[in-house]
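Q: Before we start, here is the structure in question, set down as structure tokens.
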Amino acid sequence: MKLRNFPYLFREGLRNLLVNWLMSLASIGVLTVCLLLISNAVLISMNINEILDQVASGNRIVVYLDANMDPAEAEAFGDKLLALNNVDAVEYTSGAEALEHWKEVFGEENELMFEGIEDNYLEPYYSITLKDISKINETSYQLGEMPGVVEVLQHDTLSNQLINIKNVVTVAMMSIVIILAVVSLFIIVNTIKLVMYSRRKEINIMKYVGGTDWFIRWPFVVEGFLIGVISGVLAFFVQWYIYQFVATGIVEDIRFIELIPFSSLWQPLLAGVCVVGALIGMLGSALSIRKYLRV
Amino acid sequence: MIEFRDVTKVYPNGTCALRDFNFSVRDGEFVFIEGVSGAGKSTLIKLLLCEERPTSGEIFVNNFDLAHMPRRQIPKLRRTMGVVFQDFRLVQNMTVYDNVAFAMRIIGAQGRAIRRRVPYILNLVALTDKARRYPYELSGGEQQRVALARALVNNPSLIIADEPTGNIDPQMSLEIVELFSAINEQGTTVLMVTHETALAAQFHKRVITIESGSIVSDVKGGDEA
């Protein structure tokens, strides 16, 4: 394509879009729905992952230290833990604090129970939050090997199940997104084919006059691009509304679930639907015109 | 300019449309191709436009080797010729002016050249006052003149006309062929396919008659040397 022809080709694309407005409207409608389905699948997947992460972050490893360890040394032990690369945060509870906690639990009437128990009776412990929950087994092994650690406590089964759920959800959602994208492309190709059929004469004449394939194709590709971007913007706004509706109307009542706020999603979402829409539109146009260029 | 050497065209379904076809047309000639329906006239046109390739034999048009040239060369070949069809093939939602200008735009001509050339050509076919009309507002003869203007606008050295008078009343037909004749006198080669023997006879040009895919007669015109 020569650059000086671009204004003409772009103008033609825009003109086609407006002159065949009914067909354009049909294409935009179909593509908007397809993009909405795709973006919903992506958002649901992202939120499930986020929720699983939230649940997982409550899943901590507890490390008990030697009860005879010097309290100052025990307190400094946290730095050693933080030096491990999968440790995100640590929380220290000294033996005395642990004892205090249990005294409170049992109440004053049972104070006699604790008579004669010294401050270092209970082991000081750290509860550890991990950066990556899927590496819990490795990290817990590392912790067990550290001198001064007497016991490592973790809830294997729960964390493993969370990892499994996350993987299944990711794979399922990716498959859904791919299937939806292919279906959208198929529908769009068929819609554009109708447009092409109604204009086959025009395309035919262009060929006889000596227009090259790409010169004929470009306005259609531009048209597909415009349809894609318009559909993307429409899908974005509808998606915004749906998301706010779900976030404030339904999920807010469930206390322990928190959705990703829309404010941190809107930029990648808008870019995503527009780019995917434009690609589907352009590819759909380029594919469906092929048949009519064979003259 | 146009040369057919032992051209045979057999379609995939087994129909043999042309058999051992041999003829040539020199620059500046005016040739009528006559024959009844099914004689092979349409196939001849399709071969000339490189819409179909010959099964065997060689075809040369304006120095292009039509039997062997790559597909991407086809637009270049078509830019050296103008084509006029029986059914006009005008774009209905474009004005007369745009229909003609469109042929220039599609090969990447610039705006200034288009604004200069289109009115000149419309004047040539006497349609200047109809430039802003749409094809459906015009008579058959006028529409065919628009088609002719479109064929001429890129200054081709060869005009191919496929039954240009087929949808037009006899009086108009005469005028259309006269217009082609006038264009021919400017030096453009004209190849006109028709089944109207009587019409062709009035012009004393070279007439090639084809029947079931073969040339049965090739009569030089009266005003030819």
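By convention in this document, the chains of the structure tokens carry letters A, B, ... by their order, each chain's residues are numbered from 1, and ligands are numbered from 1 in the order they are shown.
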Any chance you could tabulate, as a tab-separated table, the residues of chain B at most 12 Å from chain A with each one's nearest atom pair and distance in Å to one decimal, using only C-alpha atoms, in chain and rising number order?

A:
residue	atom	partner	partner_atom	distance
B:Ile45	CA	A:Tyr208	CA	11.7
B:Lys46	CA	A:Val295	CA	9.6
B:Leu47	CA	A:Val295	CA	11.6
B:Leu48	CA	A:Tyr208	CA	11.3
B:Leu49	CA	A:Tyr208	CA	7.7
B:Cys50	CA	A:Val295	CA	8.6
B:Glu51	CA	A:Val295	CA	5.6
B:Glu52	CA	A:Val295	CA	8.5
B:Arg53	CA	A:Val295	CA	11.5
B:Arg71	CA	A:Arg294	CA	9.8
B:Arg72	CA	A:Thr212	CA	7.7
B:Gln73	CA	A:Thr212	CA	9.0
B:Ile74	CA	A:Gly210	CA	7.5
B:Pro75	CA	A:Gly210	CA	4.2
B:Lys76	CA	A:Gly210	CA	6.4
B:Leu77	CA	A:Gly210	CA	7.5
B:Arg78	CA	A:Gly210	CA	4.8
B:Arg79	CA	A:Gly210	CA	5.0
B:Thr80	CA	A:Gly210	CA	8.6
B:Met81	CA	A:Val209	CA	8.2
B:Gly82	CA	A:Val209	CA	7.1
B:Val83	CA	A:Tyr208	CA	7.3
B:Val84	CA	A:Tyr208	CA	9.7
B:Phe85	CA	A:Ile205	CA	10.3
B:Asp87	CA	A:Lys201	CA	11.2
B:Phe88	CA	A:Ile205	CA	10.1
B:Arg89	CA	A:Ile205	CA	7.0
B:Leu90	CA	A:Glu202	CA	7.9
B:Val91	CA	A:Glu202	CA	6.0
B:Gln92	CA	A:Glu202	CA	9.0
B:Asn93	CA	A:Val19	CA	9.0
B:Met94	CA	A:Glu202	CA	10.3
B:Asn99	CA	A:Ile205	CA	10.1
B:Val100	CA	A:Val209	CA	10.5
B:Ala101	CA	A:Val209	CA	11.4
B:Phe102	CA	A:Met206	CA	8.4
B:Ala103	CA	A:Val209	CA	6.0
B:Met104	CA	A:Val209	CA	8.6
B:Arg105	CA	A:Tyr8	CA	8.2
B:Ile106	CA	A:Gly211	CA	5.2
B:Ile107	CA	A:Gly211	CA	5.4
B:Gly108	CA	A:Asn5	CA	6.5
B:Ala109	CA	A:Asn5	CA	8.7
B:Gln110	CA	A:Asn5	CA	8.4
B:Gly111	CA	A:Tyr8	CA	9.6
B:Ala147	CA	A:Ile205	CA	10.6
B:Leu148	CA	A:Val209	CA	11.9
B:Arg150	CA	A:Val209	CA	8.5
B:Ala151	CA	A:Val209	CA	7.6
B:Leu152	CA	A:Val209	CA	10.4
B:Val153	CA	A:Val209	CA	10.2
B:Asn154	CA	A:Val209	CA	8.9
B:Asn155	CA	A:Val209	CA	11.6
B:Pro156	CA	A:Val209	CA	10.5
B:Ile159	CA	A:Val209	CA	11.7
B:Ile160	CA	A:Tyr208	CA	11.2

Q: Give me, as a count of residues only, all polymer residues having an atom no more than 6 Å from A:Lys131, counting only C-alpha atoms and skipping those fewer than 4 positions away in the same chain.

A: 3

Q: If we count only C-alpha atoms and set the cut-off at 10 Å, which residues sit around B:Asp65, ignoring sequence neighbours fewer than 4 positions away in its own chain? Please answer as a list of chain:residue names.

A: B:Glu3, B:Cys50, B:Glu58, B:Ile59, B:Phe60, B:Val61, B:Met69, B:Pro70, B:Leu77

Q: With N, CA and C atoms retained, write the just-selected residues as a CSV table (one decimal), in the first residue's frame.

A:
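Full text of selection33.csv as output:
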chain,number,residue,atom,x,y,z
B,3,GLU,N,-2.7,-12.0,-29.6
B,3,GLU,CA,-2.4,-13.2,-30.4
B,3,GLU,C,-2.8,-14.4,-29.6
B,50,CYS,N,-8.0,-12.7,-18.6
B,50,CYS,CA,-7.2,-13.6,-17.7
B,50,CYS,C,-8.0,-14.1,-16.5
B,58,GLU,N,-1.0,-20.7,-26.4
B,58,GLU,CA,-0.4,-19.5,-25.9
B,58,GLU,C,-1.3,-18.3,-26.2
B,59,ILE,N,-1.4,-17.3,-25.3
B,59,ILE,CA,-2.1,-16.1,-25.5
B,59,ILE,C,-1.2,-14.9,-25.1
B,60,PHE,N,-1.1,-14.0,-26.0
B,60,PHE,CA,-0.4,-12.8,-25.7
B,60,PHE,C,-1.3,-11.6,-25.9
B,61,VAL,N,-1.4,-10.7,-24.9
B,61,VAL,CA,-2.1,-9.5,-25.0
B,61,VAL,C,-1.3,-8.3,-24.4
B,69,MET,N,1.5,-16.0,-16.8
B,69,MET,CA,1.9,-15.0,-15.9
B,69,MET,C,1.3,-15.2,-14.5
B,70,PRO,N,2.1,-14.8,-13.5
B,70,PRO,CA,1.6,-15.0,-12.1
B,70,PRO,C,0.3,-14.1,-11.8
B,77,LEU,N,-2.2,-6.2,-16.3
B,77,LEU,CA,-2.7,-6.5,-17.6
B,77,LEU,C,-4.0,-5.7,-17.8

Q: If you count only C-alpha atoms, which residues fall within 12 Å of stretch 270-272 of chain A, apart from same-chain ones fewer than 5 positions away, as a ChimeraX atom specification?

A: /A:35-36,38-39,42-43,228-240,262-265,277-279

Q: Between B:Leu122, B:Ala131, B:Leu66, B:Ile208, which one has atoms that come closest to B:Tyr97, using only C-alpha atoms?

A: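 Distance minimum relative to B:Tyr97 lands on B:Ala131.
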
Q: Pick out each residue of stretch 67-250 of chain A that DSSP on the backbone tags as strand (DSSP E or B); I need them as a list in words.

A: Val87, Asp88, Ala89, Val90, Glu91, Tyr92, Thr93, Tyr125, Tyr126, Ser127, Ile128, Thr129, Leu130, Val149, Val150, Glu151, Val152 and Leu153 of chain A

Q: Residues within 7 Å of A:Tyr92, please, as a PDB file with C-alpha atoms, in the first residue's frame. Count only C-alpha atoms; anything in the same chain fewer than 3 positions from it doesn't count.

A:
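Here's the written file out.pdb:
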ATOM      1  CA  TYR A 125       6.372 -19.113  67.399  1.00  0.00           C
ATOM      2  CA  TYR A 126       6.220 -17.267  64.127  1.00  0.00           C
ATOM      3  CA  SER A 127       3.263 -17.323  61.831  1.00  0.00           C
TER       4      SER A 127
END

Q: Might you pull out every residue within 9 Å of stretch 176-183 of chain A, with only C-alpha atoms counted and same-chain residues fewer than 2 positions away left off, and present them as a list in words?

A: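 With the cut-off at 9 Å, the set is Cys34, Leu35, Leu37, Ile38, Ser39, Ala41, Val42, Val171, Ala172, Met173, Met174, Leu185, Phe186, Ile187, Ile188, Val276 and Ile280 of chain A.
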
Q: Print the selection's residues with N, CA and C atoms to a file, as a compact mmCIF listing (two decimals), in the first residue's frame.

A:
# COMPACT_ATOMS: atom_id res chain seq x y z
N CYS A 34 -20.32 -10.76 21.46
CA CYS A 34 -19.20 -11.71 21.55
C CYS A 34 -18.12 -11.18 22.48
N LEU A 35 -17.78 -9.90 22.33
CA LEU A 35 -16.74 -9.32 23.17
C LEU A 35 -17.15 -9.32 24.63
N LEU A 37 -19.11 -11.50 26.10
CA LEU A 37 -18.97 -12.86 26.60
C LEU A 37 -17.51 -13.13 26.95
N ILE A 38 -16.62 -12.72 26.05
CA ILE A 38 -15.20 -12.95 26.29
C ILE A 38 -14.72 -12.20 27.53
N SER A 39 -15.10 -10.92 27.61
CA SER A 39 -14.58 -10.13 28.73
C SER A 39 -15.18 -10.62 30.04
N ALA A 41 -15.90 -13.77 30.74
CA ALA A 41 -15.16 -14.97 31.09
C ALA A 41 -13.82 -14.60 31.72
N VAL A 42 -13.15 -13.60 31.12
CA VAL A 42 -11.86 -13.18 31.65
C VAL A 42 -12.00 -12.59 33.05
N VAL A 171 -7.43 -23.05 33.46
CA VAL A 171 -7.52 -23.80 32.21
C VAL A 171 -8.93 -23.70 31.63
N ALA A 172 -9.95 -23.87 32.48
CA ALA A 172 -11.34 -23.83 32.01
C ALA A 172 -11.64 -22.47 31.39
N MET A 173 -11.24 -21.41 32.07
CA MET A 173 -11.56 -20.07 31.57
C MET A 173 -10.80 -19.76 30.28
N MET A 174 -9.55 -20.19 30.21
CA MET A 174 -8.79 -19.97 28.98
C MET A 174 -9.47 -20.68 27.80
N LEU A 185 -15.34 -14.98 15.70
CA LEU A 185 -14.74 -14.80 14.39
C LEU A 185 -15.63 -15.42 13.31
N PHE A 186 -16.14 -16.60 13.61
CA PHE A 186 -17.01 -17.31 12.68
C PHE A 186 -18.28 -16.50 12.39
N ILE A 187 -18.91 -16.00 13.45
CA ILE A 187 -20.14 -15.21 13.27
C ILE A 187 -19.86 -13.94 12.49
N ILE A 188 -18.74 -13.29 12.84
CA ILE A 188 -18.39 -12.04 12.17
C ILE A 188 -18.09 -12.28 10.70
N VAL A 276 -8.98 -6.74 20.78
CA VAL A 276 -9.56 -8.01 20.33
C VAL A 276 -10.65 -7.74 19.29
N ILE A 280 -10.54 -9.08 15.45
CA ILE A 280 -11.59 -9.95 14.90
C ILE A 280 -12.22 -9.28 13.67

Q: Report the distance between atom CA of B:Arg145 and atom CA of B:Ile121 in Å, rounded to one decimal place.

A: 10.3 Å
